[in-house]
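I have placed the structure first, in the form of structure tokens, so that the comments after it can refer back to it.
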Amino acid sequence: MVTVQMTLQEQLVRRVDQLAHKLHTSRSAFTREALKLAIKRYQALELEKKHKKGYQRHAVKEGEFDIFEKESAWGDA
């Protein structure tokens with residue numbers, strides 16, 4: 001692991017410390033997990049943007065998925 005020095009607002013550090021204590025973990029472990037989650041969220045948002053651009057470039061044509069309607073119908077039970 002690498003030691004990183006950061007400058008954070010006192011109120012943020014207090015809140016992190018409170019949550020870390022409540023979760024029975026350390027400030028460092030809490031922060032590592034928060035950073036991992038932030039990275040995953042960023043990656044998901046970037047993927048959503050990529051998908052949106054793809055659909056804008058290649059929009060679904062009318063009737064393109066009609067063949068699947070019969071298979072996706074639940075029918076009368």
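All residue names refer to the structure tokens as shown: chains lettered A, B, ... in order, residues numbered from 1 in each chain, ligands numbered from 1 in order.
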
Discussion item. Give me, as a ChimeraX atom specification, all polymer residues having an atom no more than 12 Å from region 1-8 of chain A, counting only C-alpha atoms and skipping those fewer than 2 positions away in the same chain.
Written reply: /A:10-16,28-29,31-32

The selected residues should be written to file as a JSON list (two decimals), in the first residue's frame (atoms: N, CA, C and O atoms).
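Final output, again_28.json:
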```
[["chain", "number", "residue", "atom", "x", "y", "z"],
["A", 10, "GLU", "N", -12.50, 19.85, 7.76],
["A", 10, "GLU", "CA", -12.63, 19.26, 9.10],
["A", 10, "GLU", "C", -13.97, 18.56, 9.29],
["A", 10, "GLU", "O", -14.03, 17.46, 9.86],
["A", 11, "GLN", "N", -15.03, 19.17, 8.80],
["A", 11, "GLN", "CA", -16.36, 18.59, 8.94],
["A", 11, "GLN", "C", -16.45, 17.24, 8.22],
["A", 11, "GLN", "O", -17.04, 16.30, 8.75],
["A", 12, "LEU", "N", -15.83, 17.13, 7.06],
["A", 12, "LEU", "CA", -15.82, 15.87, 6.32],
["A", 12, "LEU", "C", -15.05, 14.80, 7.10],
["A", 12, "LEU", "O", -15.51, 13.66, 7.22],
["A", 13, "VAL", "N", -13.92, 15.15, 7.64],
["A", 13, "VAL", "CA", -13.12, 14.20, 8.43],
["A", 13, "VAL", "C", -13.90, 13.74, 9.66],
["A", 13, "VAL", "O", -13.90, 12.55, 9.99],
["A", 14, "ARG", "N", -14.58, 14.67, 10.32],
["A", 14, "ARG", "CA", -15.38, 14.29, 11.49],
["A", 14, "ARG", "C", -16.47, 13.30, 11.10],
["A", 14, "ARG", "O", -16.70, 12.30, 11.78],
["A", 15, "ARG", "N", -17.13, 13.55, 9.98],
["A", 15, "ARG", "CA", -18.21, 12.67, 9.52],
["A", 15, "ARG", "C", -17.65, 11.29, 9.15],
["A", 15, "ARG", "O", -18.23, 10.27, 9.48],
["A", 16, "VAL", "N", -16.51, 11.27, 8.47],
["A", 16, "VAL", "CA", -15.86, 10.00, 8.12],
["A", 16, "VAL", "C", -15.50, 9.24, 9.39],
["A", 16, "VAL", "O", -15.75, 8.03, 9.50],
["A", 28, "SER", "N", -8.92, 4.95, 7.28],
["A", 28, "SER", "CA", -8.29, 4.55, 6.01],
["A", 28, "SER", "C", -9.12, 3.51, 5.27],
["A", 28, "SER", "O", -9.32, 3.62, 4.05],
["A", 29, "ALA", "N", -9.61, 2.51, 5.99],
["A", 29, "ALA", "CA", -10.42, 1.46, 5.35],
["A", 29, "ALA", "C", -11.72, 2.05, 4.80],
["A", 29, "ALA", "O", -12.14, 1.71, 3.68],
["A", 31, "THR", "N", -12.22, 5.13, 3.86],
["A", 31, "THR", "CA", -11.89, 5.98, 2.72],
["A", 31, "THR", "C", -11.54, 5.14, 1.49],
["A", 31, "THR", "O", -11.94, 5.47, 0.37],
["A", 32, "ARG", "N", -10.80, 4.05, 1.68],
["A", 32, "ARG", "CA", -10.50, 3.16, 0.56],
["A", 32, "ARG", "C", -11.77, 2.64, -0.09],
["A", 32, "ARG", "O", -11.92, 2.65, -1.31]]
```

Worksheet item: In Å, with one decimal, what is the gap from CA of Ser72 (chain A) to CA of Leu47 (chain A)?
Response: 26.8 Å

Worksheet item: Can you list, as a ChimeraX atom specification, every residue of chain A that DSSP puts in helix (DSSP H, G or I)?
Response: /A:10-22,27-57,66-72

Just to be explicit: take each residue in the selection above, keep C-alpha atoms, and write the result as a PDB file, in the first residue's frame.
```pdb
ATOM      1  CA  GLU A  10     -12.628  19.256   9.100  1.00  0.00           C
ATOM      2  CA  GLN A  11     -16.362  18.590   8.945  1.00  0.00           C
ATOM      3  CA  LEU A  12     -15.817  15.870   6.323  1.00  0.00           C
ATOM      4  CA  VAL A  13     -13.119  14.202   8.425  1.00  0.00           C
ATOM      5  CA  ARG A  14     -15.384  14.289  11.493  1.00  0.00           C
ATOM      6  CA  ARG A  15     -18.212  12.666   9.521  1.00  0.00           C
ATOM      7  CA  VAL A  16     -15.861  10.001   8.124  1.00  0.00           C
ATOM      8  CA  ASP A  17     -14.562   9.284  11.614  1.00  0.00           C
ATOM      9  CA  GLN A  18     -18.107   8.970  12.954  1.00  0.00           C
ATOM     10  CA  LEU A  19     -19.114   6.546  10.230  1.00  0.00           C
ATOM     11  CA  ALA A  20     -15.897   4.557  10.465  1.00  0.00           C
ATOM     12  CA  HIS A  21     -16.441   4.178  14.214  1.00  0.00           C
ATOM     13  CA  LYS A  22     -20.068   3.140  13.678  1.00  0.00           C
ATOM     14  CA  ARG A  27     -10.644   5.967   8.640  1.00  0.00           C
ATOM     15  CA  SER A  28      -8.292   4.547   6.013  1.00  0.00           C
ATOM     16  CA  ALA A  29     -10.415   1.464   5.346  1.00  0.00           C
ATOM     17  CA  PHE A  30     -13.567   3.566   5.123  1.00  0.00           C
ATOM     18  CA  THR A  31     -11.885   5.982   2.720  1.00  0.00           C
ATOM     19  CA  ARG A  32     -10.496   3.155   0.557  1.00  0.00           C
ATOM     20  CA  GLU A  33     -13.974   1.679   0.209  1.00  0.00           C
ATOM     21  CA  ALA A  34     -15.505   5.086  -0.545  1.00  0.00           C
ATOM     22  CA  LEU A  35     -12.909   5.699  -3.265  1.00  0.00           C
ATOM     23  CA  LYS A  36     -13.540   2.257  -4.783  1.00  0.00           C
ATOM     24  CA  LEU A  37     -17.281   2.952  -4.874  1.00  0.00           C
ATOM     25  CA  ALA A  38     -16.698   6.391  -6.409  1.00  0.00           C
ATOM     26  CA  ILE A  39     -14.559   4.851  -9.139  1.00  0.00           C
ATOM     27  CA  LYS A  40     -17.206   2.192  -9.881  1.00  0.00           C
ATOM     28  CA  ARG A  41     -19.883   4.897 -10.057  1.00  0.00           C
ATOM     29  CA  TYR A  42     -17.753   6.964 -12.425  1.00  0.00           C
ATOM     30  CA  GLN A  43     -17.129   3.926 -14.648  1.00  0.00           C
ATOM     31  CA  ALA A  44     -20.857   3.132 -14.756  1.00  0.00           C
ATOM     32  CA  LEU A  45     -21.694   6.718 -15.701  1.00  0.00           C
ATOM     33  CA  GLU A  46     -19.057   6.676 -18.448  1.00  0.00           C
ATOM     34  CA  LEU A  47     -20.451   3.405 -19.801  1.00  0.00           C
ATOM     35  CA  GLU A  48     -23.971   4.860 -19.797  1.00  0.00           C
ATOM     36  CA  LYS A  49     -22.696   7.866 -21.771  1.00  0.00           C
ATOM     37  CA  LYS A  50     -21.001   5.524 -24.237  1.00  0.00           C
ATOM     38  CA  HIS A  51     -24.196   3.505 -24.689  1.00  0.00           C
ATOM     39  CA  LYS A  52     -26.255   6.656 -25.148  1.00  0.00           C
ATOM     40  CA  LYS A  53     -23.884   7.934 -27.836  1.00  0.00           C
ATOM     41  CA  GLY A  54     -24.039   4.554 -29.574  1.00  0.00           C
ATOM     42  CA  TYR A  55     -27.833   4.563 -29.620  1.00  0.00           C
ATOM     43  CA  GLN A  56     -27.841   8.154 -30.874  1.00  0.00           C
ATOM     44  CA  ARG A  57     -25.520   7.190 -33.735  1.00  0.00           C
ATOM     45  CA  ASP A  66     -40.876  -6.861 -33.614  1.00  0.00           C
ATOM     46  CA  ILE A  67     -39.747 -10.462 -34.117  1.00  0.00           C
ATOM     47  CA  PHE A  68     -39.200 -10.756 -30.360  1.00  0.00           C
ATOM     48  CA  GLU A  69     -42.665  -9.532 -29.355  1.00  0.00           C
ATOM     49  CA  LYS A  70     -44.255 -12.968 -29.738  1.00  0.00           C
ATOM     50  CA  GLU A  71     -41.548 -14.611 -27.644  1.00  0.00           C
ATOM     51  CA  SER A  72     -41.762 -11.979 -24.927  1.00  0.00           C
TER      52      SER A  72
END
```
